[in-house]
Structure formats: structure tokens, C-alpha cells
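One file, target13.cif, carrying mmCIF, N, CA and C atoms and all ligand atoms:
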data_protein
loop_
_atom_site.label_atom_id
_atom_site.label_comp_id
_atom_site.auth_asym_id
_atom_site.auth_seq_id
_atom_site.Cartn_x
_atom_site.Cartn_y
_atom_site.Cartn_z
N MET L 1 64.09 96.86 32.69
CA MET L 1 62.89 97.48 33.23
C MET L 1 62.81 98.94 32.82
N MET L 2 63.94 99.52 32.41
CA MET L 2 63.88 100.92 32.03
C MET L 2 64.66 101.14 30.74
N SER L 3 64.36 102.24 30.12
CA SER L 3 65.15 102.63 28.97
C SER L 3 65.25 104.13 28.95
N GLY L 4 66.27 104.63 28.33
CA GLY L 4 66.41 106.07 28.28
C GLY L 4 67.25 106.48 27.10
N GLY L 5 67.05 107.70 26.68
CA GLY L 5 67.90 108.19 25.62
C GLY L 5 67.17 109.07 24.65
N PRO L 6 67.92 109.80 23.89
CA PRO L 6 67.32 110.72 22.94
C PRO L 6 66.95 110.05 21.64
N GLY L 7 66.05 110.64 20.95
CA GLY L 7 65.78 110.23 19.59
C GLY L 7 66.94 110.67 18.71
N PRO L 8 66.91 110.28 17.44
CA PRO L 8 68.05 110.55 16.55
C PRO L 8 68.46 112.02 16.49
N GLN L 9 67.53 112.92 16.23
CA GLN L 9 67.89 114.33 16.11
C GLN L 9 67.09 115.13 17.12
N ASP L 10 66.97 114.62 18.30
CA ASP L 10 66.04 115.17 19.28
C ASP L 10 66.84 115.72 20.45
N THR L 11 66.60 116.95 20.83
CA THR L 11 67.31 117.46 21.99
C THR L 11 66.62 117.03 23.28
N ARG L 12 65.38 116.57 23.17
CA ARG L 12 64.72 116.02 24.35
C ARG L 12 65.26 114.63 24.60
N MET L 13 65.25 114.24 25.86
CA MET L 13 65.66 112.89 26.23
C MET L 13 64.56 112.30 27.11
N ARG L 14 64.51 111.00 27.12
CA ARG L 14 63.44 110.34 27.87
C ARG L 14 64.02 109.27 28.79
N LEU L 15 63.29 109.05 29.86
CA LEU L 15 63.59 107.93 30.74
C LEU L 15 62.23 107.32 31.07
N SER L 16 62.08 106.05 30.78
CA SER L 16 60.80 105.41 31.07
C SER L 16 61.03 104.19 31.95
N VAL L 17 60.02 103.91 32.77
CA VAL L 17 60.12 102.80 33.72
C VAL L 17 58.89 101.90 33.60
N THR L 18 59.13 100.61 33.54
CA THR L 18 58.06 99.63 33.43
C THR L 18 58.36 98.44 34.34
N PRO L 19 57.50 98.05 35.26
CA PRO L 19 56.28 98.77 35.61
C PRO L 19 56.61 100.01 36.43
N ALA L 20 55.69 100.96 36.51
CA ALA L 20 55.93 102.20 37.24
C ALA L 20 55.52 102.08 38.70
N THR L 21 54.90 100.95 39.06
CA THR L 21 54.53 100.71 40.45
C THR L 21 54.99 99.31 40.83
N VAL L 22 55.69 99.22 41.95
CA VAL L 22 56.20 97.92 42.39
C VAL L 22 55.96 97.78 43.89
N PRO L 23 55.91 96.54 44.40
CA PRO L 23 55.75 96.36 45.84
C PRO L 23 57.04 96.68 46.58
N ALA L 24 56.88 97.10 47.84
CA ALA L 24 58.04 97.42 48.67
C ALA L 24 58.91 96.19 48.88
N GLY L 25 60.16 96.45 49.14
CA GLY L 25 61.10 95.37 49.39
C GLY L 25 62.25 95.44 48.40
N THR L 26 62.69 94.29 47.98
CA THR L 26 63.82 94.23 47.05
C THR L 26 63.37 94.59 45.64
N VAL L 27 63.99 95.59 45.10
CA VAL L 27 63.65 96.07 43.76
C VAL L 27 64.91 96.06 42.90
N SER L 28 64.85 95.35 41.81
CA SER L 28 65.97 95.33 40.87
C SER L 28 65.66 96.23 39.68
N LEU L 29 66.53 97.19 39.48
CA LEU L 29 66.39 98.07 38.32
C LEU L 29 67.37 97.61 37.26
N ARG L 30 66.84 97.32 36.11
CA ARG L 30 67.68 96.98 34.96
C ARG L 30 67.53 98.10 33.96
N VAL L 31 68.61 98.79 33.67
CA VAL L 31 68.58 99.97 32.83
C VAL L 31 69.17 99.64 31.47
N ALA L 32 68.35 99.80 30.45
CA ALA L 32 68.83 99.59 29.09
C ALA L 32 68.97 100.95 28.42
N ASN L 33 70.15 101.27 28.00
CA ASN L 33 70.40 102.54 27.32
C ASN L 33 70.18 102.36 25.83
N THR L 34 69.06 102.88 25.36
CA THR L 34 68.73 102.74 23.94
C THR L 34 69.05 104.02 23.18
N GLY L 35 69.76 104.93 23.83
CA GLY L 35 70.08 106.21 23.19
C GLY L 35 71.46 106.19 22.55
N ALA L 36 71.88 107.38 22.15
CA ALA L 36 73.15 107.53 21.44
C ALA L 36 74.26 108.06 22.33
N LEU L 37 73.90 108.42 23.58
CA LEU L 37 74.87 108.95 24.53
C LEU L 37 74.89 108.08 25.77
N ALA L 38 75.92 108.22 26.59
CA ALA L 38 75.96 107.52 27.87
C ALA L 38 74.93 108.12 28.82
N HIS L 39 74.37 107.27 29.68
CA HIS L 39 73.38 107.71 30.66
C HIS L 39 73.59 106.96 31.97
N GLU L 40 72.78 107.35 32.96
CA GLU L 40 72.79 106.69 34.26
C GLU L 40 71.38 106.83 34.83
N VAL L 41 71.07 106.07 35.86
CA VAL L 41 69.80 106.22 36.55
C VAL L 41 70.04 106.22 38.05
N LEU L 42 69.62 107.32 38.70
CA LEU L 42 69.69 107.45 40.14
C LEU L 42 68.28 107.36 40.71
N VAL L 43 68.18 106.87 41.93
CA VAL L 43 66.90 106.76 42.62
C VAL L 43 66.86 107.80 43.74
N LEU L 44 65.99 108.80 43.59
CA LEU L 44 65.86 109.85 44.59
C LEU L 44 64.47 109.80 45.20
N PRO L 45 64.35 110.01 46.51
CA PRO L 45 63.00 110.12 47.09
C PRO L 45 62.29 111.32 46.48
N LEU L 46 60.99 111.17 46.25
CA LEU L 46 60.20 112.27 45.70
C LEU L 46 59.39 112.87 46.84
N PRO L 47 59.73 114.09 47.25
CA PRO L 47 59.03 114.69 48.40
C PRO L 47 57.53 114.83 48.12
N SER L 48 56.74 114.73 49.20
CA SER L 48 55.30 114.88 49.02
C SER L 48 55.01 116.27 48.49
N GLY L 49 54.05 116.35 47.59
CA GLY L 49 53.70 117.63 46.99
C GLY L 49 54.56 118.00 45.81
N GLN L 50 55.56 117.19 45.52
CA GLN L 50 56.44 117.48 44.38
C GLN L 50 56.21 116.44 43.30
N THR L 51 56.25 116.87 42.06
CA THR L 51 56.14 115.93 40.96
C THR L 51 57.48 115.83 40.24
N VAL L 52 57.62 114.78 39.46
CA VAL L 52 58.89 114.59 38.75
C VAL L 52 59.12 115.73 37.77
N GLY L 53 60.37 116.07 37.58
CA GLY L 53 60.72 117.13 36.65
C GLY L 53 60.79 118.50 37.27
N GLN L 54 60.51 118.60 38.57
CA GLN L 54 60.47 119.92 39.21
C GLN L 54 61.78 120.33 39.88
N ARG L 55 62.76 119.43 39.90
CA ARG L 55 64.03 119.80 40.54
C ARG L 55 64.73 120.87 39.72
N GLU L 56 65.43 121.74 40.42
CA GLU L 56 66.15 122.82 39.75
C GLU L 56 67.61 122.43 39.59
N PRO L 57 68.07 122.23 38.37
CA PRO L 57 69.49 121.95 38.19
C PRO L 57 70.35 123.12 38.66
N GLY L 58 71.54 122.82 39.17
CA GLY L 58 72.46 123.86 39.59
C GLY L 58 73.28 124.37 38.42
N SER L 59 74.30 125.15 38.75
CA SER L 59 75.13 125.75 37.69
C SER L 59 75.89 124.70 36.91
N ASP L 60 76.02 123.51 37.49
CA ASP L 60 76.69 122.41 36.78
C ASP L 60 75.70 121.61 35.92
N GLN L 61 74.47 122.11 35.83
CA GLN L 61 73.41 121.47 35.02
C GLN L 61 73.00 120.11 35.57
N ARG L 62 73.29 119.90 36.86
CA ARG L 62 72.89 118.65 37.50
C ARG L 62 72.03 118.97 38.71
N VAL L 63 71.15 118.03 39.07
CA VAL L 63 70.31 118.23 40.24
C VAL L 63 71.03 117.68 41.47
N ASP L 64 70.59 118.12 42.64
CA ASP L 64 71.18 117.65 43.90
C ASP L 64 70.90 116.15 44.05
N GLU L 65 71.94 115.38 44.19
CA GLU L 65 71.76 113.93 44.32
C GLU L 65 72.24 113.44 45.68
N ALA L 66 72.30 114.35 46.65
CA ALA L 66 72.81 113.99 47.98
C ALA L 66 71.95 112.92 48.65
N ASP L 67 70.66 112.88 48.33
CA ASP L 67 69.79 111.90 48.99
C ASP L 67 69.54 110.68 48.10
N SER L 68 70.41 110.48 47.11
CA SER L 68 70.27 109.31 46.24
C SER L 68 70.34 108.02 47.04
N LEU L 69 69.45 107.11 46.71
CA LEU L 69 69.43 105.81 47.39
C LEU L 69 70.27 104.78 46.66
N GLY L 70 70.73 105.15 45.49
CA GLY L 70 71.55 104.23 44.72
C GLY L 70 71.48 104.60 43.26
N GLU L 71 72.40 104.04 42.50
CA GLU L 71 72.40 104.37 41.08
C GLU L 71 72.91 103.22 40.24
N ALA L 72 72.38 103.17 39.04
CA ALA L 72 72.86 102.24 38.03
C ALA L 72 73.61 103.09 37.01
N SER L 73 74.91 103.08 37.10
CA SER L 73 75.71 103.92 36.19
C SER L 73 77.00 103.22 35.78
N HIS L 74 77.03 101.92 36.00
CA HIS L 74 78.22 101.15 35.65
C HIS L 74 77.92 100.38 34.37
N ASP L 75 78.70 100.61 33.36
CA ASP L 75 78.44 99.96 32.08
C ASP L 75 78.59 98.44 32.20
N CYS L 76 77.50 97.75 31.88
CA CYS L 76 77.51 96.29 31.87
C CYS L 76 77.87 95.70 33.23
N ALA L 77 77.47 96.36 34.29
CA ALA L 77 77.75 95.87 35.64
C ALA L 77 76.78 96.53 36.61
N ALA L 78 76.81 96.06 37.86
CA ALA L 78 75.92 96.60 38.88
C ALA L 78 76.49 97.87 39.50
N GLY L 79 75.58 98.72 39.94
CA GLY L 79 75.96 99.83 40.79
C GLY L 79 76.56 101.02 40.08
N LYS L 80 77.46 101.68 40.82
CA LYS L 80 77.93 103.00 40.41
C LYS L 80 79.17 102.91 39.54
N GLY L 81 79.15 103.69 38.46
CA GLY L 81 80.30 103.73 37.57
C GLY L 81 80.35 105.05 36.85
N GLU L 82 80.88 105.02 35.67
CA GLU L 82 81.09 106.27 34.91
C GLU L 82 80.01 106.49 33.86
N GLY L 83 79.01 105.64 33.85
CA GLY L 83 77.94 105.81 32.89
C GLY L 83 77.72 104.53 32.10
N ILE L 84 76.48 104.38 31.62
CA ILE L 84 76.11 103.21 30.82
C ILE L 84 76.20 103.62 29.35
N ALA L 85 76.98 102.87 28.61
CA ALA L 85 77.24 103.22 27.21
C ALA L 85 75.99 102.98 26.36
N PRO L 86 75.91 103.62 25.20
CA PRO L 86 74.81 103.35 24.26
C PRO L 86 74.74 101.86 23.94
N ASP L 87 73.51 101.37 23.83
CA ASP L 87 73.26 99.97 23.51
C ASP L 87 73.79 99.01 24.57
N SER L 88 74.01 99.53 25.78
CA SER L 88 74.46 98.66 26.85
C SER L 88 73.47 98.72 28.01
N LYS L 89 73.83 98.08 29.10
CA LYS L 89 72.94 98.00 30.26
C LYS L 89 73.72 98.23 31.54
N GLY L 90 72.96 98.60 32.56
CA GLY L 90 73.48 98.64 33.92
C GLY L 90 72.37 98.22 34.84
N TRP L 91 72.68 97.95 36.08
CA TRP L 91 71.61 97.50 36.98
C TRP L 91 72.00 97.75 38.42
N ILE L 92 70.98 97.71 39.27
CA ILE L 92 71.21 97.82 40.71
C ILE L 92 70.02 97.19 41.41
N THR L 93 70.28 96.60 42.56
CA THR L 93 69.22 96.05 43.40
C THR L 93 69.18 96.84 44.69
N LEU L 94 67.99 97.32 45.03
CA LEU L 94 67.80 98.18 46.19
C LEU L 94 66.69 97.61 47.06
N THR L 95 66.67 98.02 48.31
CA THR L 95 65.52 97.76 49.16
C THR L 95 64.78 99.08 49.31
N LEU L 96 63.56 99.12 48.82
CA LEU L 96 62.79 100.37 48.83
C LEU L 96 61.57 100.25 49.74
N ARG L 97 61.40 101.29 50.54
CA ARG L 97 60.20 101.40 51.37
C ARG L 97 59.06 101.94 50.51
N PRO L 98 57.83 101.77 51.01
CA PRO L 98 56.70 102.37 50.28
C PRO L 98 56.90 103.88 50.14
N GLY L 99 56.55 104.39 49.00
CA GLY L 99 56.68 105.83 48.79
C GLY L 99 56.83 106.13 47.31
N ARG L 100 57.06 107.39 47.04
CA ARG L 100 57.25 107.83 45.66
C ARG L 100 58.72 108.16 45.44
N TYR L 101 59.21 107.77 44.30
CA TYR L 101 60.62 108.00 43.98
C TYR L 101 60.72 108.63 42.60
N GLU L 102 61.80 109.36 42.41
CA GLU L 102 62.06 109.94 41.09
C GLU L 102 63.36 109.35 40.57
N LEU L 103 63.25 108.72 39.43
CA LEU L 103 64.44 108.18 38.75
C LEU L 103 64.98 109.28 37.85
N VAL L 104 66.25 109.55 37.96
CA VAL L 104 66.82 110.63 37.16
C VAL L 104 68.13 110.20 36.53
N CYS L 105 68.41 110.78 35.38
CA CYS L 105 69.76 110.73 34.84
C CYS L 105 70.39 112.07 35.19
N ASN L 106 71.53 112.00 35.86
CA ASN L 106 72.14 113.25 36.33
C ASN L 106 73.41 113.61 35.57
N PHE L 107 73.50 113.17 34.36
CA PHE L 107 74.55 113.70 33.50
C PHE L 107 74.17 115.16 33.20
N PRO L 108 75.15 116.03 33.02
CA PRO L 108 74.84 117.45 32.84
C PRO L 108 73.79 117.68 31.76
N ASP L 109 72.74 118.39 32.15
CA ASP L 109 71.65 118.82 31.27
C ASP L 109 70.66 117.71 30.92
N HIS L 110 70.92 116.47 31.30
CA HIS L 110 69.99 115.42 30.91
C HIS L 110 68.66 115.51 31.66
N TYR L 111 68.72 115.94 32.93
CA TYR L 111 67.46 116.10 33.68
C TYR L 111 66.60 117.17 33.02
N ALA L 112 67.21 118.30 32.72
CA ALA L 112 66.45 119.41 32.12
C ALA L 112 65.88 119.01 30.76
N ARG L 113 66.54 118.06 30.11
CA ARG L 113 66.06 117.63 28.80
C ARG L 113 65.04 116.50 28.89
N GLY L 114 64.68 116.13 30.10
CA GLY L 114 63.55 115.22 30.24
C GLY L 114 63.85 113.85 30.82
N MET L 115 65.06 113.65 31.32
CA MET L 115 65.40 112.31 31.81
C MET L 115 65.03 112.13 33.28
N TYR L 116 63.73 111.97 33.50
CA TYR L 116 63.23 111.68 34.84
C TYR L 116 61.94 110.87 34.69
N ALA L 117 61.64 110.07 35.70
CA ALA L 117 60.42 109.28 35.68
C ALA L 117 60.06 108.92 37.11
N GLU L 118 58.77 108.77 37.36
CA GLU L 118 58.32 108.43 38.71
C GLU L 118 58.22 106.92 38.86
N LEU L 119 58.69 106.45 40.02
CA LEU L 119 58.52 105.06 40.40
C LEU L 119 57.79 105.05 41.75
N ASP L 120 56.68 104.37 41.80
CA ASP L 120 55.90 104.31 43.04
C ASP L 120 56.07 102.94 43.67
N VAL L 121 56.29 102.96 44.97
CA VAL L 121 56.47 101.71 45.71
C VAL L 121 55.33 101.60 46.72
N THR L 122 54.60 100.50 46.62
CA THR L 122 53.41 100.31 47.45
C THR L 122 53.72 99.42 48.63
N GLY L 123 52.91 99.56 49.70
CA GLY L 123 53.06 98.68 50.85
C GLY L 123 52.62 97.29 50.51
N ARG L 124 53.05 96.35 51.34
CA ARG L 124 52.67 94.96 51.08
C ARG L 124 51.25 94.72 51.56
CU CU D 201 71.20 110.80 30.49
#
Translate the structure described by the file into C-alpha cells.
Amino acid sequence: MMSGGPGPQDTRMRLSVTPATVPAGTVSLRVANTGALAHEVLVLPLPSGQTVGQREPGSDQRVDEADSLGEASHDCAAGKGEGIAPDSKGWITLTLRPGRYELVCNFPDHYARGMYAELDVTGR
């Protein structure tokens, strides 16, 4: 359902989600890493009035992930791990309430380089 990663000689990185709107309830995220580096995908609530890409990375070049609802960062497996390798996949199944969410890769500097995307969850 998602893919992320940099182009060959590109310092920008991308994270895209398809579809970008899903019904509330059980949501399975399948993350395909099509880039050249390891990545991960975290699901963060997106506060009202805020758009994706507006979080301020800290001195560690990562954004605050304390309110993460879950992450796909285990190479070729579900849930949390050390990162999804290039040309590999990770996944997670979550129960999401209606609302707006920001999917982020929180490897150092990846957010600042563009690895975020909005996922909207609609009521039934
Ligand atoms: Cu990344």
C-alpha cells in the first residue's frame, strides 16, 4: 500500500500511500521499500490545523514519535524492528479511528528530506 525511498542520486526522499483515504477500523499497512536505504513507517496522529511535513526534527534529526500508534519497521515481518531493507517489505495492522494521520519515516533526517504522507480515516 505504500512505498518510500530516494531516487538514484536524489537527496529528497518520498513516502507515498495508496489509497490515501480509508474507512475506520482495521487498517493494514503494507510498506514496500523501493529505495536504496533502509526505511520505516510510523503512524502519528495529525493535529487539527497542522499539515504533513510541519513537524520540527530535534537535534537527533528525528521527529517526536511519542504518540506513535504503531510502526512498520521490521524487515520482512510485522511490526517494530530495526528497519525495512531496500527491496523488502514490512507491515502492520492497526485499528484506526476516524481522523487525519501522518505517516513518517523517522530514520535520522528522512523526515526533513520528505518522508511523510497524510492518511485520512473516514467514519463508517
Ligand atoms: Cu526513511
L:Val121, L:Ile92, L:Cys105, L:Val52 ranked by distance to ligand CU 201 (chain D), top pick (using only N, CA and C atoms and all ligand atoms):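 Checking each candidate against ligand CU 201 (chain D), we get L:Cys105 as the closest.
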Residue nearest L:Val43 among L:Leu69, L:Leu96, L:Val17, L:Ala78 (counting only C-alpha atoms): L:Leu69
Radius query 12 Å about (79.5, 96.1, 35.1), atoms used: only C-alpha atoms, as JSON, numbers by chain: {"L": [30, 31, 72, 73, 74, 75, 76, 77, 78, 79, 80, 81, 82, 83, 84, 85, 88, 89, 90, 91, 92]}
Surroundings of ligand CU 201 (chain D) up to 9 Å, based on only C-alpha atoms and all ligand atoms, as a list of chain:residue names: L:Gly4, L:Gly5, L:Pro6, L:Met13, L:Arg14, L:Leu15, L:Asn33, L:Gly35, L:Leu37, L:Ala38, L:His39, L:Glu40, L:Val41, L:Gly83, L:Val104, L:Cys105, L:Asn106, L:Phe107, L:Pro108, L:Asp109, L:His110, L:Tyr111, L:Arg113, L:Gly114, L:Met115
N, CA and C atoms of the current selection, written as a CSV table (one decimal), in the coordinates of the input:
chain,number,residue,atom,x,y,z
L,4,GLY,N,66.3,104.6,28.3
L,4,GLY,CA,66.4,106.1,28.3
L,4,GLY,C,67.2,106.5,27.1
L,5,GLY,N,67.0,107.7,26.7
L,5,GLY,CA,67.9,108.2,25.6
L,5,GLY,C,67.2,109.1,24.6
L,6,PRO,N,67.9,109.8,23.9
L,6,PRO,CA,67.3,110.7,22.9
L,6,PRO,C,67.0,110.0,21.6
L,13,MET,N,65.2,114.2,25.9
L,13,MET,CA,65.7,112.9,26.2
L,13,MET,C,64.6,112.3,27.1
L,14,ARG,N,64.5,111.0,27.1
L,14,ARG,CA,63.4,110.3,27.9
L,14,ARG,C,64.0,109.3,28.8
L,15,LEU,N,63.3,109.0,29.9
L,15,LEU,CA,63.6,107.9,30.7
L,15,LEU,C,62.2,107.3,31.1
L,33,ASN,N,70.2,101.3,28.0
L,33,ASN,CA,70.4,102.5,27.3
L,33,ASN,C,70.2,102.4,25.8
L,35,GLY,N,69.8,104.9,23.8
L,35,GLY,CA,70.1,106.2,23.2
L,35,GLY,C,71.5,106.2,22.6
L,37,LEU,N,73.9,108.4,23.6
L,37,LEU,CA,74.9,109.0,24.5
L,37,LEU,C,74.9,108.1,25.8
L,38,ALA,N,75.9,108.2,26.6
L,38,ALA,CA,76.0,107.5,27.9
L,38,ALA,C,74.9,108.1,28.8
L,39,HIS,N,74.4,107.3,29.7
L,39,HIS,CA,73.4,107.7,30.7
L,39,HIS,C,73.6,107.0,32.0
L,40,GLU,N,72.8,107.4,33.0
L,40,GLU,CA,72.8,106.7,34.3
L,40,GLU,C,71.4,106.8,34.8
L,41,VAL,N,71.1,106.1,35.9
L,41,VAL,CA,69.8,106.2,36.6
L,41,VAL,C,70.0,106.2,38.0
L,83,GLY,N,79.0,105.6,33.8
L,83,GLY,CA,77.9,105.8,32.9
L,83,GLY,C,77.7,104.5,32.1
L,104,VAL,N,66.2,109.6,38.0
L,104,VAL,CA,66.8,110.6,37.2
L,104,VAL,C,68.1,110.2,36.5
L,105,CYS,N,68.4,110.8,35.4
L,105,CYS,CA,69.8,110.7,34.8
L,105,CYS,C,70.4,112.1,35.2
L,106,ASN,N,71.5,112.0,35.9
L,106,ASN,CA,72.1,113.2,36.3
L,106,ASN,C,73.4,113.6,35.6
L,107,PHE,N,73.5,113.2,34.4
L,107,PHE,CA,74.6,113.7,33.5
L,107,PHE,C,74.2,115.2,33.2
L,108,PRO,N,75.2,116.0,33.0
L,108,PRO,CA,74.8,117.4,32.8
L,108,PRO,C,73.8,117.7,31.8
L,109,ASP,N,72.7,118.4,32.2
L,109,ASP,CA,71.6,118.8,31.3
L,109,ASP,C,70.7,117.7,30.9
L,110,HIS,N,70.9,116.5,31.3
L,110,HIS,CA,70.0,115.4,30.9
L,110,HIS,C,68.7,115.5,31.7
L,111,TYR,N,68.7,115.9,32.9
L,111,TYR,CA,67.5,116.1,33.7
L,111,TYR,C,66.6,117.2,33.0
L,113,ARG,N,66.5,118.1,30.1
L,113,ARG,CA,66.1,117.6,28.8
L,113,ARG,C,65.0,116.5,28.9
L,114,GLY,N,64.7,116.1,30.1
L,114,GLY,CA,63.6,115.2,30.2
L,114,GLY,C,63.8,113.8,30.8
L,115,MET,N,65.1,113.6,31.3
L,115,MET,CA,65.4,112.3,31.8
L,115,MET,C,65.0,112.1,33.3
Those in stretch 38-88 of chain L with strand (DSSP E) from DSSP, as a PyMOL selection string: chain L and resi 41-45+70-72
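A straight line drawn from atom CA of L:Asp64 to atom CA of L:Pro23 is 26.4 Å long.
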Minimum-distance residue to L:Ser28, chosen among L:Ala112, L:Leu44, L:Val63, L:Leu94 (using only C-alpha atoms): L:Leu94
Selected residue, from L:Leu103, L:Pro47, L:Glu118, L:Thr95, that lies nearest to L:Thr26 when counting all atoms listed in the file: L:Thr95
Point-to-point distance from atom CA of L:Arg55 to atom N of L:Ala20, Å rounded to tenths: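 Straight-line distance from atom CA of L:Arg55 to atom N of L:Ala20 works out to 21.0 Å.
Atom to atom, atom CA of L:Arg100 and atom CA of L:Thr11 stand 27.5 Å apart.
Proximity ranking of L:Pro86, L:Gln50, L:Gly58, L:Val22 relative to L:Thr34 places L:Pro86 first, based on all atoms listed in the file.
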Around all the atoms of stretch 54-67 of chain L listed in the file, with 4 Å of room on each side, what axis-aligned box do you get, giving centre and edge lengths in Å to one decimal, as lines of an AutoDock Vina configuration file?
center_x = 68.6
center_y = 118.2
center_z = 42.0
size_x = 24.2
size_y = 23.1
size_z = 22.0
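The neighbours of L:Thr122 here are the residues that come within 9 Å of it, using only C-alpha atoms and leaving out any residue fewer than 2 positions away in the same chain; they are Thr21, Val22, Pro23, Ala24, Arg97, Pro98, Gly99, Arg100, Asp120 and Arg124 of chain L.
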Closest of L:Gln54, L:Ser59, L:Gly70, L:Thr93 to L:Val27 - atom-to-atom distances counting all atoms listed in the file: L:Thr93
